[in-house]
file upload-v6.cif (mmCIF, C-alpha atoms)
data_query
loop_
_atom_site.label_atom_id
_atom_site.label_comp_id
_atom_site.auth_asym_id
_atom_site.auth_seq_id
_atom_site.Cartn_x
_atom_site.Cartn_y
_atom_site.Cartn_z
CA MET A 1 33.48 33.67 -2.93
CA LEU A 2 36.11 35.06 -0.59
CA ASN A 3 35.28 35.56 3.06
CA GLN A 4 35.38 39.15 4.30
CA GLU A 5 38.81 39.02 5.94
CA THR A 6 40.43 37.30 2.95
CA LEU A 7 38.77 39.79 0.61
CA LEU A 8 40.10 42.74 2.60
CA ASP A 9 43.56 41.19 2.60
CA TYR A 10 43.51 40.91 -1.21
CA ILE A 11 42.27 44.50 -1.50
CA ARG A 12 45.13 45.74 0.69
CA LYS A 13 47.66 43.83 -1.45
CA ALA A 14 46.07 45.07 -4.70
CA LYS A 15 46.24 48.69 -3.50
CA ASN A 16 49.95 48.15 -2.91
CA GLY A 17 50.46 47.01 -6.50
CA ASP A 18 50.17 43.21 -6.13
CA GLU A 19 49.08 42.11 -9.64
CA ASN A 20 48.22 38.59 -8.50
CA ALA A 21 45.85 39.99 -5.88
CA LYS A 22 44.16 42.12 -8.57
CA GLU A 23 43.71 39.06 -10.79
CA VAL A 24 42.10 37.12 -7.93
CA LEU A 25 39.72 40.00 -7.18
CA PHE A 26 38.76 40.27 -10.85
CA GLU A 27 38.18 36.53 -11.10
CA LYS A 28 36.05 36.33 -7.95
CA ASN A 29 34.02 39.42 -8.88
CA SER A 30 33.59 38.66 -12.57
CA PRO A 31 29.94 37.50 -12.09
CA LEU A 32 29.18 40.81 -10.35
CA LEU A 33 30.71 42.83 -13.20
CA LYS A 34 28.79 40.81 -15.80
CA SER A 35 25.51 41.35 -13.95
CA ILE A 36 26.15 45.12 -14.01
CA ILE A 37 27.00 45.05 -17.72
CA ARG A 38 23.71 43.31 -18.52
CA ARG A 39 21.90 46.48 -17.46
CA PHE A 40 23.52 48.34 -20.35
CA LYS A 41 23.15 45.77 -23.14
CA ASP A 42 21.69 46.90 -26.48
CA LYS A 43 22.48 50.55 -25.77
CA GLY A 44 24.99 51.06 -28.57
CA VAL A 45 28.20 49.83 -26.88
CA GLU A 46 29.80 46.45 -27.59
CA TYR A 47 29.91 43.93 -24.73
CA ASP A 48 33.73 43.70 -24.75
CA ASP A 49 33.99 47.49 -24.50
CA LEU A 50 31.51 47.53 -21.63
CA TYR A 51 33.54 44.88 -19.81
CA GLN A 52 36.76 46.88 -20.21
CA ILE A 53 35.04 50.02 -18.89
CA ALA A 54 33.56 48.04 -15.98
CA CYS A 55 37.06 46.80 -15.15
CA ILE A 56 38.33 50.39 -15.03
CA GLY A 57 35.55 51.26 -12.58
CA PHE A 58 36.36 48.13 -10.56
CA LEU A 59 40.03 49.13 -10.30
CA LYS A 60 39.00 52.60 -9.13
CA ALA A 61 36.78 50.97 -6.50
CA ILE A 62 39.73 48.89 -5.26
CA ASN A 63 42.03 51.92 -5.06
CA ASN A 64 39.46 54.14 -3.35
CA PHE A 65 37.93 51.59 -0.97
CA ASP A 66 38.38 52.39 2.71
CA GLU A 67 37.65 49.73 5.33
CA SER A 68 36.48 52.45 7.70
CA PHE A 69 33.45 53.01 5.41
CA GLY A 70 31.80 50.11 7.22
CA VAL A 71 30.24 48.69 4.05
CA LYS A 72 30.87 45.57 2.02
CA PHE A 73 33.23 46.00 -0.92
CA SER A 74 30.54 44.85 -3.35
CA THR A 75 28.15 47.52 -2.03
CA TYR A 76 30.82 50.16 -2.57
CA CYS A 77 32.05 49.04 -5.99
CA VAL A 78 28.68 48.61 -7.76
CA PRO A 79 27.86 52.36 -8.00
CA MET A 80 31.51 53.04 -8.93
CA VAL A 81 31.34 50.60 -11.87
CA ILE A 82 27.90 51.85 -12.95
CA GLY A 83 29.14 55.43 -12.77
CA GLU A 84 32.15 54.62 -14.95
CA ILE A 85 29.94 53.00 -17.62
CA LYS A 86 27.46 55.89 -17.55
CA ARG A 87 30.26 58.44 -17.90
CA TYR A 88 31.59 56.59 -20.94
CA MET A 89 28.14 56.44 -22.53
CA ARG A 90 27.54 60.08 -21.69
CA ASP A 91 30.82 61.21 -23.26
CA ASN A 92 30.45 58.91 -26.28
CA GLY A 93 26.77 59.40 -27.03
CA ALA A 94 25.05 57.15 -29.54
CA ILE A 95 23.43 60.15 -31.22
CA LYS A 96 25.89 61.79 -33.60
CA VAL A 97 26.14 65.55 -33.12
CA SER A 98 28.50 68.26 -34.28
CA ARG A 99 31.99 68.38 -32.82
CA THR A 100 31.25 71.79 -31.28
CA ILE A 101 28.25 70.49 -29.34
CA LYS A 102 30.14 67.36 -28.27
CA ILE A 103 33.05 69.44 -26.91
CA LEU A 104 30.62 71.73 -25.08
CA ALA A 105 28.75 68.73 -23.62
CA ASN A 106 32.00 67.18 -22.37
CA LYS A 107 33.06 70.44 -20.71
CA MET A 108 29.66 70.86 -19.09
CA ASN A 109 29.57 67.30 -17.79
CA LYS A 110 33.06 67.69 -16.33
CA PHE A 111 31.95 70.91 -14.61
CA ILE A 112 28.76 69.19 -13.35
CA ASP A 113 30.82 66.39 -11.78
CA GLU A 114 33.15 68.89 -10.09
CA PHE A 115 30.24 71.06 -8.92
CA PHE A 116 28.43 68.04 -7.45
CA SER A 117 31.58 66.93 -5.60
CA ALA A 118 31.98 70.40 -4.09
CA HIS A 119 28.33 71.22 -3.33
CA ASN A 120 26.52 67.86 -3.29
CA ALA A 121 23.98 69.31 -5.72
CA GLN A 122 23.47 69.65 -9.46
CA PRO A 123 24.12 73.06 -11.07
CA SER A 124 21.10 74.76 -12.60
CA ILE A 125 20.60 75.37 -16.32
CA GLU A 126 20.95 79.10 -15.58
CA LEU A 127 24.32 78.57 -13.89
CA LEU A 128 25.60 76.46 -16.79
CA SER A 129 24.38 79.08 -19.25
CA GLU A 130 26.28 81.81 -17.41
CA LYS A 131 29.37 79.65 -16.86
CA PHE A 132 29.80 78.72 -20.52
CA GLY A 133 28.37 81.87 -22.06
CA VAL A 134 25.66 80.15 -24.10
CA ASP A 135 21.89 80.37 -24.31
CA LYS A 136 19.88 78.12 -21.95
CA ASN A 137 18.48 76.27 -24.96
CA GLU A 138 22.02 75.44 -26.06
CA VAL A 139 22.75 74.04 -22.60
CA VAL A 140 19.76 71.69 -22.87
CA ILE A 141 20.71 70.61 -26.41
CA ALA A 142 24.32 69.93 -25.40
CA LEU A 143 23.39 67.90 -22.32
CA ASP A 144 20.69 65.95 -24.16
CA SER A 145 23.14 65.12 -26.96
CA ALA A 146 25.19 63.07 -24.49
CA ARG A 147 22.28 60.99 -23.25
CA MET A 148 21.72 57.43 -24.42
CA PRO A 149 18.43 56.95 -26.31
CA LEU A 150 15.85 54.84 -24.48
CA SER A 151 13.24 52.41 -25.68
CA ILE A 152 9.83 52.60 -24.03
CA PHE A 153 10.19 48.86 -23.52
CA ASP A 154 13.44 49.16 -21.53
CA LYS A 155 13.23 47.95 -17.95
CA PHE A 156 14.30 50.02 -14.98
CA GLU A 157 18.07 49.68 -14.46
CA ASP A 158 18.04 48.30 -10.93
CA ASP A 159 15.24 45.80 -11.49
CA GLU A 160 15.67 43.50 -14.52
CA GLU A 161 12.35 41.78 -13.79
CA GLY A 162 10.47 44.98 -13.05
CA GLN A 163 8.29 47.38 -14.98
CA GLU A 164 9.07 48.72 -18.42
CA LEU A 165 9.30 52.45 -19.00
CA ILE A 166 6.04 52.39 -20.94
CA ASP A 167 4.28 51.45 -17.68
CA LYS A 168 5.10 54.90 -16.32
CA LEU A 169 3.79 56.94 -19.25
CA PRO A 170 1.11 59.32 -17.97
CA CYS A 171 -2.52 58.82 -18.89
CA ALA A 172 -5.52 61.12 -18.62
CA ASP A 173 -6.68 61.50 -15.01
CA ASP A 174 -10.28 60.79 -14.15
CA GLU A 175 -11.84 62.21 -10.97
CA GLU A 176 -10.90 59.22 -8.81
CA ASN A 177 -7.27 59.33 -9.93
CA LEU A 178 -7.16 63.06 -9.31
CA LEU A 179 -8.42 62.64 -5.75
CA THR A 180 -5.88 59.86 -5.19
CA SER A 181 -3.10 62.14 -6.43
CA ILE A 182 -4.18 64.91 -4.07
CA HIS A 183 -4.24 62.46 -1.14
CA LEU A 184 -0.81 61.12 -2.12
CA ASN A 185 0.62 64.64 -2.30
CA ASN A 186 -0.65 65.35 1.22
CA ILE A 187 0.98 62.16 2.51
CA ILE A 188 4.30 63.00 0.83
CA ASP A 189 4.20 66.50 2.33
CA GLY A 190 4.02 64.82 5.75
CA LEU A 191 7.30 62.93 5.25
CA ASP A 192 10.57 64.24 6.64
CA GLU A 193 12.98 65.93 4.23
CA ARG A 194 15.14 62.89 3.44
CA GLU A 195 12.11 60.63 2.93
CA LYS A 196 10.48 63.22 0.68
CA LYS A 197 13.68 63.60 -1.33
CA ILE A 198 13.98 59.85 -1.90
CA ILE A 199 10.38 59.52 -3.08
CA ILE A 200 10.59 62.55 -5.39
CA LEU A 201 13.88 61.44 -6.95
CA ARG A 202 12.77 57.82 -7.29
CA TYR A 203 9.20 58.13 -8.53
CA PHE A 204 8.90 61.63 -9.97
CA ARG A 205 12.34 62.08 -11.53
CA ASP A 206 12.98 58.40 -12.37
CA ARG A 207 16.37 58.26 -10.63
CA THR A 208 17.90 54.86 -9.89
CA GLN A 209 18.72 53.75 -6.35
CA SER A 210 22.43 54.08 -7.22
CA GLU A 211 21.99 57.69 -8.31
CA ILE A 212 20.01 58.52 -5.17
CA ALA A 213 22.63 56.82 -2.98
CA GLU A 214 25.35 58.95 -4.60
CA ASN A 215 23.24 62.07 -4.10
CA LEU A 216 22.64 61.32 -0.41
CA GLY A 217 26.12 60.00 0.31
CA VAL A 218 24.92 56.58 1.47
CA SER A 219 24.98 53.04 0.05
CA GLN A 220 22.47 51.67 -2.44
CA VAL A 221 21.47 49.07 0.17
CA GLN A 222 20.55 51.85 2.61
CA VAL A 223 18.47 53.59 -0.06
CA SER A 224 16.65 50.33 -0.81
CA ARG A 225 15.82 49.80 2.87
CA LEU A 226 14.70 53.41 3.32
CA GLU A 227 12.55 53.23 0.20
CA ASN A 228 10.80 50.08 1.45
CA LYS A 229 10.09 51.72 4.82
CA ILE A 230 8.74 54.88 3.18
CA ILE A 231 6.48 52.91 0.83
CA GLU A 232 5.11 50.96 3.78
CA LYS A 233 4.49 54.21 5.67
CA ILE A 234 2.61 55.64 2.67
CA ARG A 235 0.64 52.42 2.22
CA LEU A 236 -0.55 52.49 5.84
CA LYS A 237 -1.89 56.03 5.39
CA PHE A 238 -3.99 55.16 2.34
#
call {"tool": "encode", "arguments": {"input": "upload-v6.cif", "output": "structure tokens"}}
result
Amino acid sequence: MLNQETLLDYIRKAKNGDENAKEVLFEKNSPLLKSIIRRFKDKGVEYDDLYQIACIGFLKAINNFDESFGVKFSTYCVPMVIGEIKRYMRDNGAIKVSRTIKILANKMNKFIDEFFSAHNAQPSIELLSEKFGVDKNEVVIALDSARMPLSIFDKFEDDEEGQELIDKLPCADDEENLLTSIHLNNIIDGLDEREKKIIILRYFRDRTQSEIAENLGVSQVQVSRLENKIIEKIRLKF
């Protein structure tokens, strides 16, 4: 591994077009790229294609990295690479649909990205319906057509050793579980706005830490630390 100052020096050279510096950065960060790719295995895209897409995201991370961010390069580049892979999978969905729906989905996803950059929020189904002049049901169909199918035995993306999706399927509530849910809701209502947002996105909307970090404009490491603190706060109130 390169020390921080050497790494920054190579990044500066790479941004100025030094091909040798780029090769060194790719070589030293290859294990990181491969660990990211493993999250997307068996999802309909060949490994070599995933690696090429990851490399594109890595190059974007190099070109966009700013030392004044005050974060490690690896912390900055991971969500960039993941985002690049997800965009590719989104725009090249494994489920085959008509060309018309695929074109509509691509236009919508491009608009969603631009809207999020400008407003730091996702556009509503109603807004998309009005923007593209289609029924709300067509909006849902188009967006769903670009999603990768999931297995109930898939593991959460940011925890290869963690729970499978099947573990989060709802089951019938008995009285004790219902009371626990009510108590939990009261505790969550007592959190501040950012804490509440993290918990809702993470545990009620199944967002990854990377997605939440992008939403909040912070690093994935910061989200992880905040999540641990919030969970401990909730645990103490039970």
call {"tool": "residues_around", "arguments": {"input": "upload-v6.cif", "residues": "A:Val223", "least_positions_apart": "3", "cutoff": "8 Å", "atoms": "only C-alpha atoms", "output": "PyMOL selection string"}}
result
chain A and resi 198+209+212-213+218-220+226-227
call {"tool": "resolve_selection", "arguments": {"input": "upload-v6.cif", "expression": "the PyMOL selection byres ((chain A and resi 121) around 12)", "output": "mmCIF file with C-alpha atoms, keeping the file's coordinate frame"}}
result
data_model
loop_
_atom_site.group_PDB
_atom_site.id
_atom_site.type_symbol
_atom_site.label_atom_id
_atom_site.label_comp_id
_atom_site.auth_asym_id
_atom_site.auth_seq_id
_atom_site.Cartn_x
_atom_site.Cartn_y
_atom_site.Cartn_z
ATOM 1 C CA ILE A 112 28.760 69.190 -13.350
ATOM 2 C CA ASP A 113 30.820 66.390 -11.780
ATOM 3 C CA GLU A 114 33.150 68.890 -10.090
ATOM 4 C CA PHE A 115 30.240 71.060 -8.920
ATOM 5 C CA PHE A 116 28.430 68.040 -7.450
ATOM 6 C CA SER A 117 31.580 66.930 -5.600
ATOM 7 C CA ALA A 118 31.980 70.400 -4.090
ATOM 8 C CA HIS A 119 28.330 71.220 -3.330
ATOM 9 C CA ASN A 120 26.520 67.860 -3.290
ATOM 10 C CA GLN A 122 23.470 69.650 -9.460
ATOM 11 C CA PRO A 123 24.120 73.060 -11.070
ATOM 12 C CA SER A 124 21.100 74.760 -12.600
ATOM 13 C CA ILE A 212 20.010 58.520 -5.170
ATOM 14 C CA GLU A 214 25.350 58.950 -4.600
ATOM 15 C CA ASN A 215 23.240 62.070 -4.100
ATOM 16 C CA LEU A 216 22.640 61.320 -0.410
ATOM 17 C CA GLY A 217 26.120 60.000 0.310
#
call {"tool": "residues_around", "arguments": {"input": "upload-v6.cif", "residues": "A:Glu195", "least_positions_apart": "3", "cutoff": "10 Å", "atoms": "all atoms listed in the file", "output": "PDB file with C-alpha atoms, in the frame of the given file"}}
result
ATOM      1  CA  ILE A 188       4.300  63.000   0.830  1.00  0.00           C
ATOM      2  CA  ASP A 189       4.200  66.500   2.330  1.00  0.00           C
ATOM      3  CA  GLY A 190       4.020  64.820   5.750  1.00  0.00           C
ATOM      4  CA  LEU A 191       7.300  62.930   5.250  1.00  0.00           C
ATOM      5  CA  ASP A 192      10.570  64.240   6.640  1.00  0.00           C
ATOM      6  CA  ILE A 198      13.980  59.850  -1.900  1.00  0.00           C
ATOM      7  CA  ILE A 199      10.380  59.520  -3.080  1.00  0.00           C
ATOM      8  CA  ILE A 200      10.590  62.550  -5.390  1.00  0.00           C
ATOM      9  CA  VAL A 223      18.470  53.590  -0.060  1.00  0.00           C
ATOM     10  CA  LEU A 226      14.700  53.410   3.320  1.00  0.00           C
ATOM     11  CA  GLU A 227      12.550  53.230   0.200  1.00  0.00           C
ATOM     12  CA  LYS A 229      10.090  51.720   4.820  1.00  0.00           C
ATOM     13  CA  ILE A 230       8.740  54.880   3.180  1.00  0.00           C
ATOM     14  CA  ILE A 231       6.480  52.910   0.830  1.00  0.00           C
TER      15      ILE A 231
END
call {"tool": "residues_around", "arguments": {"input": "upload-v6.cif", "residues": "A:Glu5", "least_positions_apart": "5", "cutoff": "12 Å", "atoms": "all atoms listed in the file", "output": "list in words"}}
result
Tyr10, Ile11, Arg12, Glu67, Lys72 and Phe73 of chain A
call {"tool": "residues_near_point", "arguments": {"input": "upload-v6.cif", "point": "(40.6, 51.9, -8.9)", "cutoff": "12 Å", "atoms": "all atoms listed in the file", "output": "PDB file with C-alpha atoms, in the frame of the given file"}}
result
ATOM      1  CA  ILE A  11      42.270  44.500  -1.500  1.00  0.00           C
ATOM      2  CA  ALA A  14      46.070  45.070  -4.700  1.00  0.00           C
ATOM      3  CA  LYS A  15      46.240  48.690  -3.500  1.00  0.00           C
ATOM      4  CA  ASN A  16      49.950  48.150  -2.910  1.00  0.00           C
ATOM      5  CA  GLY A  17      50.460  47.010  -6.500  1.00  0.00           C
ATOM      6  CA  LYS A  22      44.160  42.120  -8.570  1.00  0.00           C
ATOM      7  CA  PHE A  26      38.760  40.270 -10.850  1.00  0.00           C
ATOM      8  CA  ILE A  53      35.040  50.020 -18.890  1.00  0.00           C
ATOM      9  CA  ALA A  54      33.560  48.040 -15.980  1.00  0.00           C
ATOM     10  CA  CYS A  55      37.060  46.800 -15.150  1.00  0.00           C
ATOM     11  CA  ILE A  56      38.330  50.390 -15.030  1.00  0.00           C
ATOM     12  CA  GLY A  57      35.550  51.260 -12.580  1.00  0.00           C
ATOM     13  CA  PHE A  58      36.360  48.130 -10.560  1.00  0.00           C
ATOM     14  CA  LEU A  59      40.030  49.130 -10.300  1.00  0.00           C
ATOM     15  CA  LYS A  60      39.000  52.600  -9.130  1.00  0.00           C
ATOM     16  CA  ALA A  61      36.780  50.970  -6.500  1.00  0.00           C
ATOM     17  CA  ILE A  62      39.730  48.890  -5.260  1.00  0.00           C
ATOM     18  CA  ASN A  63      42.030  51.920  -5.060  1.00  0.00           C
ATOM     19  CA  ASN A  64      39.460  54.140  -3.350  1.00  0.00           C
ATOM     20  CA  PHE A  65      37.930  51.590  -0.970  1.00  0.00           C
ATOM     21  CA  ASP A  66      38.380  52.390   2.710  1.00  0.00           C
ATOM     22  CA  TYR A  76      30.820  50.160  -2.570  1.00  0.00           C
ATOM     23  CA  CYS A  77      32.050  49.040  -5.990  1.00  0.00           C
ATOM     24  CA  MET A  80      31.510  53.040  -8.930  1.00  0.00           C
ATOM     25  CA  VAL A  81      31.340  50.600 -11.870  1.00  0.00           C
ATOM     26  CA  GLU A  84      32.150  54.620 -14.950  1.00  0.00           C
TER      27      GLU A  84
END
call {"tool": "atom_distance", "arguments": {"input": "upload-v6.cif", "atom1": "atom CA of A:Arg194", "atom2": "atom CA of A:Leu128"}}
result
26.5 Å
call {"tool": "atom_distance", "arguments": {"input": "upload-v6.cif", "atom1": "atom CA of A:Met108", "atom2": "atom CA of A:Ile125"}}
result
10.5 Å
call {"tool": "atom_distance", "arguments": {"input": "upload-v6.cif", "atom1": "atom CA of A:Asn106", "atom2": "atom CA of A:Gly133"}}
result
15.1 Å
call {"tool": "build_atoms", "arguments": {"input": "upload-v6.cif", "residues": "stretch 200-212 of chain A", "atoms": "N, CA and C atoms", "output": "PDB file, keeping the file's coordinate frame"}}
result
ATOM      1  N   ILE A 200      10.642  61.659  -4.233  1.00  0.00           N
ATOM      2  CA  ILE A 200      10.590  62.550  -5.390  1.00  0.00           C
ATOM      3  C   ILE A 200      11.617  62.134  -6.444  1.00  0.00           C
ATOM      4  N   LEU A 201      12.847  61.851  -6.001  1.00  0.00           N
ATOM      5  CA  LEU A 201      13.880  61.440  -6.950  1.00  0.00           C
ATOM      6  C   LEU A 201      13.552  60.095  -7.602  1.00  0.00           C
ATOM      7  N   ARG A 202      13.005  59.191  -6.803  1.00  0.00           N
ATOM      8  CA  ARG A 202      12.770  57.820  -7.290  1.00  0.00           C
ATOM      9  C   ARG A 202      11.560  57.722  -8.208  1.00  0.00           C
ATOM     10  N   TYR A 203      10.454  58.360  -7.817  1.00  0.00           N
ATOM     11  CA  TYR A 203       9.200  58.130  -8.530  1.00  0.00           C
ATOM     12  C   TYR A 203       8.716  59.312  -9.374  1.00  0.00           C
ATOM     13  N   PHE A 204       9.316  60.489  -9.182  1.00  0.00           N
ATOM     14  CA  PHE A 204       8.900  61.630  -9.970  1.00  0.00           C
ATOM     15  C   PHE A 204       9.986  62.105 -10.930  1.00  0.00           C
ATOM     16  N   ARG A 205      11.238  61.707 -10.634  1.00  0.00           N
ATOM     17  CA  ARG A 205      12.340  62.080 -11.530  1.00  0.00           C
ATOM     18  C   ARG A 205      13.048  60.848 -12.096  1.00  0.00           C
ATOM     19  N   ASP A 206      12.505  59.665 -11.793  1.00  0.00           N
ATOM     20  CA  ASP A 206      12.980  58.400 -12.370  1.00  0.00           C
ATOM     21  C   ASP A 206      14.476  58.164 -12.148  1.00  0.00           C
ATOM     22  N   ARG A 207      14.973  58.539 -10.960  1.00  0.00           N
ATOM     23  CA  ARG A 207      16.370  58.260 -10.630  1.00  0.00           C
ATOM     24  C   ARG A 207      16.516  56.832 -10.121  1.00  0.00           C
ATOM     25  N   THR A 208      17.652  56.203 -10.396  1.00  0.00           N
ATOM     26  CA  THR A 208      17.900  54.860  -9.890  1.00  0.00           C
ATOM     27  C   THR A 208      18.328  54.932  -8.420  1.00  0.00           C
ATOM     28  N   GLN A 209      18.282  53.794  -7.740  1.00  0.00           N
ATOM     29  CA  GLN A 209      18.720  53.750  -6.350  1.00  0.00           C
ATOM     30  C   GLN A 209      20.196  54.133  -6.242  1.00  0.00           C
ATOM     31  N   SER A 210      21.002  53.738  -7.236  1.00  0.00           N
ATOM     32  CA  SER A 210      22.430  54.080  -7.220  1.00  0.00           C
ATOM     33  C   SER A 210      22.633  55.582  -7.294  1.00  0.00           C
ATOM     34  N   GLU A 211      21.860  56.239  -8.166  1.00  0.00           N
ATOM     35  CA  GLU A 211      21.990  57.690  -8.310  1.00  0.00           C
ATOM     36  C   GLU A 211      21.558  58.405  -7.022  1.00  0.00           C
ATOM     37  N   ILE A 212      20.483  57.909  -6.408  1.00  0.00           N
ATOM     38  CA  ILE A 212      20.010  58.520  -5.170  1.00  0.00           C
ATOM     39  C   ILE A 212      21.038  58.311  -4.048  1.00  0.00           C
TER      40      ILE A 212
END
